[in-house]
$ cat structure01.txt   # compact mmCIF, C-alpha atoms
# COMPACT_ATOMS: atom_id res chain seq x y z
CA MET A 185 0.00 0.00 0.00
CA ALA A 186 1.26 3.49 -0.90
CA GLN A 187 2.64 5.63 1.94
CA PHE A 188 1.73 9.27 2.21
CA ALA A 189 3.41 11.98 4.24
CA PRO A 190 0.88 13.19 6.81
CA LEU A 191 -1.04 16.32 5.90
CA LEU A 192 -0.98 18.44 9.06
CA ARG A 193 -2.30 21.79 10.19
CA LYS A 194 0.21 24.52 11.01
CA ASP A 195 -0.27 23.73 14.69
CA GLN A 196 0.96 20.21 13.82
CA ARG A 197 -2.40 18.69 14.62
CA PRO A 198 -4.12 16.37 12.12
CA VAL A 199 -6.34 17.95 9.47
CA ARG A 200 -10.01 17.36 10.41
CA TYR A 201 -12.38 16.14 7.69
CA LEU A 202 -16.14 16.02 7.29
CA VAL A 203 -17.07 13.19 4.90
CA VAL A 204 -20.43 13.52 3.11
CA ASP A 205 -21.81 10.71 0.94
CA ASP A 206 -25.10 8.82 0.94
CA SER A 207 -23.22 5.54 0.47
CA VAL A 208 -21.82 4.18 3.73
CA PHE A 209 -19.43 2.14 1.63
CA ALA A 210 -18.11 5.22 -0.18
CA ARG A 211 -17.70 7.05 3.15
CA LYS A 212 -15.69 4.15 4.54
CA ASN A 213 -13.41 4.17 1.52
CA ILE A 214 -12.79 7.90 1.80
CA MET A 215 -12.22 7.62 5.55
CA LYS A 216 -9.68 4.88 4.94
CA MET A 217 -7.78 7.26 2.65
CA ILE A 218 -7.99 10.07 5.21
CA GLU A 219 -6.42 7.71 7.72
CA MET A 220 -3.63 7.01 5.20
CA PHE A 221 -3.06 10.79 4.94
CA GLY A 222 -2.78 11.17 8.73
CA GLY A 223 -6.13 12.97 9.00
CA GLU A 224 -8.89 12.87 11.58
CA ILE A 225 -12.61 12.34 10.96
CA ALA A 226 -14.51 15.30 12.43
CA GLY A 227 -17.85 13.93 11.29
CA GLU A 228 -19.80 12.23 8.54
CA ALA A 229 -23.15 12.79 6.86
CA GLY A 230 -25.36 10.99 4.36
CA ASP A 231 -27.13 14.01 2.84
CA GLY A 232 -26.71 17.74 2.32
CA LEU A 233 -28.91 18.85 5.19
CA THR A 234 -27.04 16.72 7.73
CA ALA A 235 -23.78 17.96 6.21
CA ILE A 236 -24.70 21.58 7.01
CA ALA A 237 -25.57 20.67 10.60
CA GLU A 238 -22.39 18.63 10.98
CA PHE A 239 -20.30 21.45 9.52
CA ASN A 240 -21.69 23.89 12.08
CA ARG A 241 -21.15 21.39 14.88
CA THR A 242 -17.65 20.18 14.00
CA LYS A 243 -16.05 23.10 12.09
CA PRO A 244 -13.86 20.80 9.95
CA ASP A 245 -10.76 21.93 8.04
CA ILE A 246 -11.94 20.16 4.87
CA VAL A 247 -15.27 18.81 3.63
CA LEU A 248 -15.33 15.96 1.10
CA MET A 249 -18.79 16.21 -0.48
CA ASP A 250 -20.69 13.87 -2.80
CA ILE A 251 -23.07 15.49 -5.31
CA THR A 252 -26.04 13.17 -5.81
CA MET A 253 -27.66 12.62 -2.43
CA PRO A 254 -31.20 12.40 -1.02
CA GLN A 255 -32.96 15.36 0.69
CA MET A 256 -30.40 17.94 -0.39
CA GLU A 257 -27.78 17.51 -3.10
CA GLY A 258 -24.13 18.35 -2.55
CA ILE A 259 -24.02 21.49 -4.70
CA GLU A 260 -26.86 23.13 -2.75
CA ALA A 261 -25.19 22.15 0.52
CA VAL A 262 -21.95 23.78 -0.69
CA GLU A 263 -23.79 26.99 -1.48
CA ARG A 264 -25.42 27.10 1.96
CA ILE A 265 -22.22 26.28 3.85
CA VAL A 266 -20.13 28.82 1.92
CA ARG A 267 -22.82 31.49 2.40
CA GLN A 268 -22.35 31.15 6.17
CA HIS A 269 -18.64 30.27 6.19
CA ALA A 270 -16.84 31.97 3.31
CA ASP A 271 -13.57 30.27 4.25
CA ALA A 272 -15.00 26.73 4.09
CA ARG A 273 -12.83 24.32 2.10
CA ILE A 274 -14.99 21.88 0.22
CA VAL A 275 -13.84 19.28 -2.30
CA MET A 276 -16.52 17.59 -4.40
CA VAL A 277 -16.18 13.81 -4.74
CA SER A 278 -18.58 12.34 -7.30
CA SER A 279 -18.81 9.78 -10.07
CA VAL A 280 -20.79 12.35 -12.08
CA GLY A 281 -18.02 14.51 -13.46
CA TYR A 282 -19.43 16.39 -16.43
CA GLN A 283 -18.39 19.98 -16.96
CA GLU A 284 -21.73 21.54 -16.00
CA ASN A 285 -21.66 19.84 -12.62
CA ILE A 286 -18.07 20.77 -11.92
CA LEU A 287 -18.65 24.40 -12.92
CA ALA A 288 -21.81 24.63 -10.81
CA ALA A 289 -19.97 23.27 -7.77
CA LEU A 290 -17.03 25.65 -8.25
CA GLN A 291 -19.37 28.62 -8.77
CA LYS A 292 -21.13 27.81 -5.51
CA GLY A 293 -17.80 27.84 -3.67
CA ALA A 294 -16.27 24.35 -3.88
CA LYS A 295 -12.48 24.43 -4.12
CA HIS A 296 -11.90 21.35 -6.25
CA PHE A 297 -13.43 18.24 -7.77
CA VAL A 298 -12.35 14.60 -7.82
CA GLN A 299 -14.12 11.88 -9.78
CA LYS A 300 -14.94 8.42 -8.41
CA PRO A 301 -13.46 5.87 -8.29
CA VAL A 302 -11.08 7.98 -6.22
CA LYS A 303 -7.38 7.26 -6.52
CA PRO A 304 -5.65 7.96 -3.18
CA GLU A 305 -2.71 9.69 -4.86
CA VAL A 306 -5.06 12.02 -6.78
CA LEU A 307 -7.08 12.91 -3.68
CA TYR A 308 -3.85 13.46 -1.72
CA GLU A 309 -2.52 15.96 -4.28
CA ILE A 310 -5.85 17.79 -4.39
CA LEU A 311 -5.95 18.03 -0.60
CA ARG A 312 -2.39 19.35 -0.55
CA TYR A 313 -3.39 21.97 -3.09
CA VAL A 314 -6.57 22.97 -1.26
CA LEU A 315 -4.79 23.10 2.09
CA GLY A 316 -2.02 25.16 0.56
CA ASP A 317 -3.83 28.46 1.06
CA ASP A 318 -5.29 27.54 4.45
CA PRO A 319 -3.69 29.63 7.21
CA ASN A 320 -4.31 26.79 9.67
CA ALA A 321 -2.77 24.05 7.55
CA ALA A 322 0.77 23.24 6.63
CA GLY A 323 -0.44 22.00 3.26
CA ALA A 324 2.82 20.22 2.68
CA PRO A 325 4.27 16.99 3.94
CA VAL A 326 5.93 17.35 7.32
CA ALA A 327 7.26 13.88 7.89
CA LEU A 328 6.65 10.45 6.47
CA ALA A 329 4.48 8.20 8.61
CA GLY A 330 6.66 6.67 11.31
CA GLU A 331 9.59 9.05 10.70
CA ARG A 332 8.88 11.45 13.52
CA GLU A 333 10.16 9.07 16.18
CA ALA A 334 13.30 8.33 14.16
CA MET B 276 -30.70 -0.72 -30.09
CA ARG B 277 -28.43 2.29 -30.56
CA MET B 278 -24.81 1.40 -29.99
CA GLU B 279 -23.81 5.07 -29.61
CA LEU B 280 -25.95 5.11 -26.45
CA ILE B 281 -24.69 1.77 -25.15
CA GLN B 282 -20.98 2.24 -25.80
CA PRO B 283 -20.39 4.90 -23.07
CA PHE B 284 -21.77 2.47 -20.47
CA ILE B 285 -19.49 -0.33 -21.66
CA ASN B 286 -16.45 1.98 -21.73
CA ALA B 287 -17.25 3.40 -18.29
CA ALA B 288 -17.84 -0.03 -16.75
CA ASP B 289 -14.58 -1.37 -18.12
CA ALA B 290 -12.63 1.68 -16.90
CA VAL B 291 -14.30 1.81 -13.46
CA PHE B 292 -13.73 -1.89 -12.72
CA ALA B 293 -10.12 -1.77 -13.92
CA GLU B 294 -9.49 1.34 -11.80
CA ALA B 295 -11.40 0.25 -8.69
CA LEU B 296 -9.97 -3.27 -8.70
CA GLN B 297 -6.51 -2.17 -9.82
CA ALA B 298 -6.37 -4.99 -12.36
CA ALA B 299 -6.98 -5.75 -16.01
CA THR B 300 -10.55 -6.60 -16.99
CA ARG B 301 -11.93 -8.24 -20.13
CA ILE B 302 -15.27 -7.79 -21.85
CA GLY B 303 -16.58 -11.30 -22.40
CA ASP B 304 -19.84 -12.51 -23.95
CA LEU B 305 -22.18 -9.96 -25.56
CA SER B 306 -25.76 -10.89 -26.38
CA MET B 307 -29.18 -9.37 -27.00
CA ASP B 308 -32.02 -10.21 -24.63
CA GLU B 309 -35.74 -9.44 -24.91
CA ASP B 310 -36.99 -11.43 -21.93
CA THR B 311 -37.72 -10.18 -18.42
CA TYR B 312 -34.35 -9.94 -16.75
CA ARG B 313 -33.58 -12.74 -14.32
CA ARG B 314 -30.79 -11.67 -12.07
CA LYS B 315 -27.74 -13.88 -11.61
CA GLY B 316 -26.78 -12.53 -8.21
CA VAL B 317 -27.47 -9.20 -6.50
CA ALA B 318 -28.66 -6.63 -9.03
CA ALA B 319 -28.81 -2.84 -9.00
CA LEU B 320 -31.25 -1.27 -11.46
CA ILE B 321 -30.74 2.38 -12.39
CA ALA B 322 -33.32 4.18 -14.52
CA ILE B 323 -32.48 7.11 -16.79
CA LYS B 324 -35.04 9.69 -17.93
CA GLY B 325 -34.56 12.62 -20.30
CA ASP B 326 -33.30 13.06 -23.88
CA ILE B 327 -32.44 9.38 -23.71
CA GLU B 328 -34.32 6.89 -21.58
CA GLY B 329 -33.77 3.39 -20.38
CA ARG B 330 -32.17 1.45 -17.62
CA VAL B 331 -28.96 -0.29 -16.68
CA ILE B 332 -28.78 -3.36 -14.48
CA LEU B 333 -25.51 -4.26 -12.81
CA ASP B 334 -25.51 -7.80 -11.51
CA LEU B 335 -22.95 -9.85 -9.62
CA ALA B 336 -22.90 -12.91 -7.41
CA PRO B 337 -22.70 -12.27 -3.63
CA ASP B 338 -19.26 -13.89 -3.36
CA VAL B 339 -17.99 -11.68 -6.21
CA ALA B 340 -19.44 -8.61 -4.44
CA MET B 341 -17.61 -9.59 -1.24
CA ARG B 342 -14.32 -10.00 -3.11
CA VAL B 343 -14.83 -6.57 -4.72
CA ALA B 344 -15.67 -5.05 -1.31
CA SER B 345 -12.52 -6.52 0.24
CA GLN B 346 -10.42 -5.27 -2.68
CA LEU B 347 -11.88 -1.75 -2.34
CA ALA B 348 -11.45 -1.78 1.44
CA GLY B 349 -7.89 -3.11 1.17
CA ALA B 350 -8.66 -5.82 3.73
CA GLU B 351 -10.70 -9.02 3.97
CA LEU B 352 -14.23 -8.09 5.08
CA PRO B 353 -16.66 -10.43 6.88
CA GLU B 354 -19.58 -11.38 4.63
CA SER B 355 -22.79 -9.48 5.29
CA GLU B 356 -25.87 -8.66 3.26
CA GLN B 357 -25.38 -4.96 3.96
CA THR B 358 -21.81 -4.98 2.60
CA ILE B 359 -23.00 -6.85 -0.52
CA ARG B 360 -25.83 -4.37 -1.12
CA GLU B 361 -23.60 -1.34 -0.57
CA THR B 362 -20.88 -2.72 -2.84
CA VAL B 363 -23.29 -3.40 -5.71
CA CYS B 364 -24.87 0.03 -5.21
CA GLU B 365 -21.57 1.85 -5.18
CA LEU B 366 -20.27 0.01 -8.25
CA ALA B 367 -23.51 0.86 -10.08
CA ASN B 368 -23.23 4.50 -9.04
CA MET B 369 -19.65 4.73 -10.26
CA VAL B 370 -20.41 3.09 -13.61
CA ILE B 371 -23.51 5.20 -14.21
CA GLY B 372 -21.83 8.40 -13.03
CA ASN B 373 -18.91 7.93 -15.39
CA SER B 374 -21.22 6.97 -18.31
CA VAL B 375 -23.44 9.96 -17.67
CA THR B 376 -20.36 12.18 -17.74
CA LEU B 377 -19.48 10.90 -21.22
CA LEU B 378 -23.05 11.25 -22.54
CA ASN B 379 -23.61 14.65 -20.95
CA ASP B 380 -20.45 16.01 -22.52
CA GLN B 381 -21.94 14.85 -25.87
CA GLY B 382 -24.92 17.16 -25.24
CA PHE B 383 -27.57 14.74 -23.91
CA ARG B 384 -29.58 15.93 -20.92
CA PHE B 385 -31.23 13.47 -18.58
CA LYS B 386 -31.82 12.53 -14.96
CA VAL B 387 -30.45 9.43 -13.28
CA LEU B 388 -32.68 7.89 -10.62
CA PRO B 389 -31.15 6.34 -7.47
CA PRO B 390 -30.25 2.63 -7.79
CA GLU B 391 -32.79 0.01 -6.72
CA ILE B 392 -31.25 -3.14 -5.28
CA HIS B 393 -32.88 -6.47 -6.16
CA MET B 394 -32.16 -9.63 -4.23
CA SER B 395 -35.53 -11.41 -4.58
CA GLU B 396 -36.23 -14.33 -6.92
CA ALA B 397 -38.76 -12.45 -9.08
CA GLY B 398 -37.87 -11.03 -12.49
CA LEU B 399 -36.98 -7.36 -12.37
CA ALA B 400 -39.92 -5.02 -12.86
CA GLY B 401 -39.20 -2.48 -15.58
CA SER B 402 -37.25 -5.01 -17.60
CA VAL B 403 -40.27 -6.67 -19.26
CA ASP B 404 -40.35 -6.75 -23.09
CA THR B 405 -37.30 -4.53 -23.34
CA GLU B 406 -34.60 -5.26 -25.86
CA ALA B 407 -31.38 -5.09 -23.94
CA MET B 408 -27.72 -5.75 -24.46
CA VAL B 409 -26.22 -8.12 -21.92
CA LEU B 410 -22.52 -8.28 -21.41
CA CYS B 411 -20.19 -9.95 -19.02
CA ILE B 412 -17.09 -8.23 -17.73
CA GLU B 413 -14.46 -10.62 -16.45
CA THR B 414 -12.52 -9.28 -13.47
CA PRO B 415 -10.07 -10.91 -11.06
CA CYS B 416 -12.92 -10.91 -8.48
CA GLY B 417 -15.27 -12.79 -10.82
CA GLU B 418 -17.84 -12.02 -13.51
CA ILE B 419 -19.89 -8.82 -13.42
CA TYR B 420 -22.93 -8.57 -15.71
CA LEU B 421 -24.38 -5.45 -17.29
CA ASN B 422 -27.81 -5.37 -18.90
CA ILE B 423 -28.35 -2.12 -20.81
CA ALA B 424 -31.53 -0.93 -22.53
CA MET B 425 -31.36 2.62 -23.84
CA HIS B 426 -33.24 4.58 -26.51
CA TYR B 427 -33.81 8.15 -27.64
CA LEU B 428 -36.98 9.68 -26.27
CA HIS B 429 -39.21 9.82 -29.40
CA ARG B 430 -41.32 12.75 -28.19
CA ARG B 431 -38.21 14.80 -27.73
CA ARG B 432 -36.91 13.82 -31.15
CA ARG B 433 -40.24 14.77 -32.78
CA GLU B 434 -40.14 18.14 -31.01
CA GLN B 435 -36.61 18.76 -32.23
CA ALA B 436 -37.56 17.68 -35.76
CA SER B 437 -40.54 20.09 -35.80
CA VAL B 438 -38.36 23.13 -35.05
CA PRO B 439 -37.74 24.93 -38.39
CA ALA B 440 -34.12 25.16 -39.40
CA LEU B 441 -32.60 28.65 -39.30
CA ASP B 442 -30.82 29.97 -42.36
$ encode --input "structure01.txt" --output "structure tokens"
Amino acid sequence: MAQFAPLLRKDQRPVRYLVVDDSVFARKNIMKMIEMFGGEIAGEAGDGLTAIAEFNRTKPDIVLMDITMPQMEGIEAVERIVRQHADARIVMVSSVGYQENILAALQKGAKHFVQKPVKPEVLYEILRYVLGDDPNAAGAPVALAGEREA
Amino acid sequence: MRMELIQPFINAADAVFAEALQAATRIGDLSMDEDTYRRKGVAALIAIKGDIEGRVILDLAPDVAMRVASQLAGAELPESEQTIRETVCELANMVIGNSVTLLNDQGFRFKVLPPEIHMSEAGLAGSVDTEAMVLCIETPCGEIYLNIAMHYLHRRRREQASVPALD
């Protein structure tokens, strides 16, 4: 399995993620990748409405948001979150990757888009990029997993 | 049966399975089927409505679904009906999502309904008297079947045909 240098905040604490997807299976897969990147799960949600509530409750560093979900779709949830929290960092994660969808998500305030099936190395690079302009995040590898004790 | 509507689903399925399973896949038997679809394992049916209409059924045996789930999770998972259902659903979502991306970028507009999972013995409702293409994709986890029935929406085509051409 590929090794990834941990993505850490500037205070050296793990980056906290909110994972939003109506598929429990997809959430587990994403959470497994977050673990590989040295991150921490702040919360999870299965629809847009719950995502907004969880965002307000957990104040995550990054949101990984599916698009097609029951009750409220991901793009509407992005719009509502960004309206209240202009500095929210949201990455769309969806199997539906046509241009219209991507543009709509970016226009509503998403920072990036990754298409399913998600490759860990692609998601890692996107997270590095998105964290790069976050004042709380290092956005760059600090140490390879297991190297800090060495 | 319009191959230009079917091909994006075949291409997307092949690419998604190869990517998700991190292994080479092979498209095996192709056939046409007009009978009510009888599932081979656990089936996810996804309906499409819009400029083009139809449905796609993704079907795999429970043991194949478990092997796929373990491959995706990177660890051996204990067998459970929930894991099987979620795996079939997620695979269907990925295949349809990627196909829709290809078709949408070609200018077609349509809505994809959420997948319905079928595990009962009855034939699948919505698959009666529908000419469909059935194909088998061979993967290292086992065989995965796709049953695709897709056509242009005639009303929409008539509307488009009735619009006078502009000089």
$ residues_around --input "structure01.txt" --residues "Val247 (chain A)" --least-positions-apart "3" --cutoff "10 Å" --atoms "all atoms listed in the file" --output "list in words"
Arg200, Tyr201, Leu202, Val203, Val204, Ala226, Gly227, Glu228, Ala235, Phe239, Lys243, Pro244, Asp250, Val262, Ala272, Arg273, Ile274, Val275, Met276, Val277, Ala294 and Lys295 of chain A
$ residues_near_point --input "structure01.txt" --point "(-24.7, -1.7, -7.7)" --cutoff "8 Å" --atoms "all atoms listed in the file" --output "count of residues only"
16
$ residues_near_point --input "structure01.txt" --point "(-10.2, -3.5, -6.8)" --cutoff "12 Å" --atoms "only C-alpha atoms" --output "PDB file with C-alpha atoms, in the coordinates of the input"
ATOM      1  CA  ASN A 213     -13.410   4.170   1.520  1.00  0.00           C
ATOM      2  CA  PRO A 301     -13.460   5.870  -8.290  1.00  0.00           C
ATOM      3  CA  VAL A 302     -11.080   7.980  -6.220  1.00  0.00           C
ATOM      4  CA  LYS A 303      -7.380   7.260  -6.520  1.00  0.00           C
TER       5      LYS A 303
ATOM      6  CA  ALA B 290     -12.630   1.680 -16.900  1.00  0.00           C
ATOM      7  CA  VAL B 291     -14.300   1.810 -13.460  1.00  0.00           C
ATOM      8  CA  PHE B 292     -13.730  -1.890 -12.720  1.00  0.00           C
ATOM      9  CA  ALA B 293     -10.120  -1.770 -13.920  1.00  0.00           C
ATOM     10  CA  GLU B 294      -9.490   1.340 -11.800  1.00  0.00           C
ATOM     11  CA  ALA B 295     -11.400   0.250  -8.690  1.00  0.00           C
ATOM     12  CA  LEU B 296      -9.970  -3.270  -8.700  1.00  0.00           C
ATOM     13  CA  GLN B 297      -6.510  -2.170  -9.820  1.00  0.00           C
ATOM     14  CA  ALA B 298      -6.370  -4.990 -12.360  1.00  0.00           C
ATOM     15  CA  ALA B 299      -6.980  -5.750 -16.010  1.00  0.00           C
ATOM     16  CA  THR B 300     -10.550  -6.600 -16.990  1.00  0.00           C
ATOM     17  CA  VAL B 339     -17.990 -11.680  -6.210  1.00  0.00           C
ATOM     18  CA  ALA B 340     -19.440  -8.610  -4.440  1.00  0.00           C
ATOM     19  CA  MET B 341     -17.610  -9.590  -1.240  1.00  0.00           C
ATOM     20  CA  ARG B 342     -14.320 -10.000  -3.110  1.00  0.00           C
ATOM     21  CA  VAL B 343     -14.830  -6.570  -4.720  1.00  0.00           C
ATOM     22  CA  ALA B 344     -15.670  -5.050  -1.310  1.00  0.00           C
ATOM     23  CA  SER B 345     -12.520  -6.520   0.240  1.00  0.00           C
ATOM     24  CA  GLN B 346     -10.420  -5.270  -2.680  1.00  0.00           C
ATOM     25  CA  LEU B 347     -11.880  -1.750  -2.340  1.00  0.00           C
ATOM     26  CA  ALA B 348     -11.450  -1.780   1.440  1.00  0.00           C
ATOM     27  CA  GLY B 349      -7.890  -3.110   1.170  1.00  0.00           C
ATOM     28  CA  ALA B 350      -8.660  -5.820   3.730  1.00  0.00           C
ATOM     29  CA  THR B 362     -20.880  -2.720  -2.840  1.00  0.00           C
ATOM     30  CA  LEU B 366     -20.270   0.010  -8.250  1.00  0.00           C
ATOM     31  CA  THR B 414     -12.520  -9.280 -13.470  1.00  0.00           C
ATOM     32  CA  PRO B 415     -10.070 -10.910 -11.060  1.00  0.00           C
ATOM     33  CA  CYS B 416     -12.920 -10.910  -8.480  1.00  0.00           C
ATOM     34  CA  GLY B 417     -15.270 -12.790 -10.820  1.00  0.00           C
TER      35      GLY B 417
END
$ interface_residues --input "structure01.txt" --of "chain A" --to "chain B" --cutoff "12 Å" --atoms "all atoms listed in the file" --output "PDB file with C-alpha atoms, in the frame of the given file"
ATOM      1  CA  MET A 185       0.000   0.000   0.000  1.00  0.00           C
ATOM      2  CA  ALA A 186       1.260   3.490  -0.900  1.00  0.00           C
ATOM      3  CA  ASP A 205     -21.810  10.710   0.940  1.00  0.00           C
ATOM      4  CA  ASP A 206     -25.100   8.820   0.940  1.00  0.00           C
ATOM      5  CA  SER A 207     -23.220   5.540   0.470  1.00  0.00           C
ATOM      6  CA  VAL A 208     -21.820   4.180   3.730  1.00  0.00           C
ATOM      7  CA  PHE A 209     -19.430   2.140   1.630  1.00  0.00           C
ATOM      8  CA  ALA A 210     -18.110   5.220  -0.180  1.00  0.00           C
ATOM      9  CA  ARG A 211     -17.700   7.050   3.150  1.00  0.00           C
ATOM     10  CA  LYS A 212     -15.690   4.150   4.540  1.00  0.00           C
ATOM     11  CA  ASN A 213     -13.410   4.170   1.520  1.00  0.00           C
ATOM     12  CA  ILE A 214     -12.790   7.900   1.800  1.00  0.00           C
ATOM     13  CA  MET A 215     -12.220   7.620   5.550  1.00  0.00           C
ATOM     14  CA  LYS A 216      -9.680   4.880   4.940  1.00  0.00           C
ATOM     15  CA  MET A 217      -7.780   7.260   2.650  1.00  0.00           C
ATOM     16  CA  MET A 220      -3.630   7.010   5.200  1.00  0.00           C
ATOM     17  CA  ASP A 250     -20.690  13.870  -2.800  1.00  0.00           C
ATOM     18  CA  ILE A 251     -23.070  15.490  -5.310  1.00  0.00           C
ATOM     19  CA  THR A 252     -26.040  13.170  -5.810  1.00  0.00           C
ATOM     20  CA  MET A 253     -27.660  12.620  -2.430  1.00  0.00           C
ATOM     21  CA  PRO A 254     -31.200  12.400  -1.020  1.00  0.00           C
ATOM     22  CA  VAL A 277     -16.180  13.810  -4.740  1.00  0.00           C
ATOM     23  CA  SER A 278     -18.580  12.340  -7.300  1.00  0.00           C
ATOM     24  CA  SER A 279     -18.810   9.780 -10.070  1.00  0.00           C
ATOM     25  CA  VAL A 280     -20.790  12.350 -12.080  1.00  0.00           C
ATOM     26  CA  GLY A 281     -18.020  14.510 -13.460  1.00  0.00           C
ATOM     27  CA  TYR A 282     -19.430  16.390 -16.430  1.00  0.00           C
ATOM     28  CA  GLN A 283     -18.390  19.980 -16.960  1.00  0.00           C
ATOM     29  CA  GLU A 284     -21.730  21.540 -16.000  1.00  0.00           C
ATOM     30  CA  ASN A 285     -21.660  19.840 -12.620  1.00  0.00           C
ATOM     31  CA  ILE A 286     -18.070  20.770 -11.920  1.00  0.00           C
ATOM     32  CA  GLN A 299     -14.120  11.880  -9.780  1.00  0.00           C
ATOM     33  CA  LYS A 300     -14.940   8.420  -8.410  1.00  0.00           C
ATOM     34  CA  PRO A 301     -13.460   5.870  -8.290  1.00  0.00           C
ATOM     35  CA  VAL A 302     -11.080   7.980  -6.220  1.00  0.00           C
ATOM     36  CA  LYS A 303      -7.380   7.260  -6.520  1.00  0.00           C
ATOM     37  CA  PRO A 304      -5.650   7.960  -3.180  1.00  0.00           C
TER      38      PRO A 304
END
$ atom_distance --input "structure01.txt" --atom1 "CA of Pro353 (chain B)" --atom2 "CA of Ile419 (chain B)"
20.6 Å
$ atom_distance --input "structure01.txt" --atom1 "CA of Ile259 (chain A)" --atom2 "CA of Leu280 (chain B)"
27.3 Å
$ atom_distance --input "structure01.txt" --atom1 "CA of Glu238 (chain A)" --atom2 "CA of Lys292 (chain A)"
18.9 Å
$ axis_aligned_box --input "structure01.txt" --around "region 366-372 of chain B" --padding-each-side "6 Å" --output "JSON"
{"center_x": -21.6, "center_y": 4.2, "center_z": -11.2, "size_x": 15.9, "size_y": 20.4, "size_z": 18.0}
$ residues_around --input "structure01.txt" --residues "Gly222 (chain A)" --least-positions-apart "3" --cutoff "10 Å" --atoms "only C-alpha atoms" --output "list in words"
Phe188, Ala189, Pro190, Leu191, Leu192, Arg197, Pro198, Val199, Arg200, Met217, Ile218, Glu219, Leu328 and Ala329 of chain A
$ residues_around --input "structure01.txt" --residues "Leu233 (chain A)" --least-positions-apart "6" --cutoff "8 Å" --atoms "all atoms listed in the file" --output "PyMOL selection string"
chain A and resi 255-256+261
$ write_last_selection --input "structure01.txt" --atoms "C-alpha atoms" --output "tab-separated table (two decimals), keeping the file's coordinate frame"
chain	number	residue	atom	x	y	z
A	255	GLN	CA	-32.96	15.36	0.69
A	256	MET	CA	-30.40	17.94	-0.39
A	261	ALA	CA	-25.19	22.15	0.52
$ closest_residue --input "structure01.txt" --among "B:Arg301, B:Phe385, B:Glu279, B:Leu335" --to "Arg313 (chain B)" --atoms "all atoms listed in the file"
B:Leu335
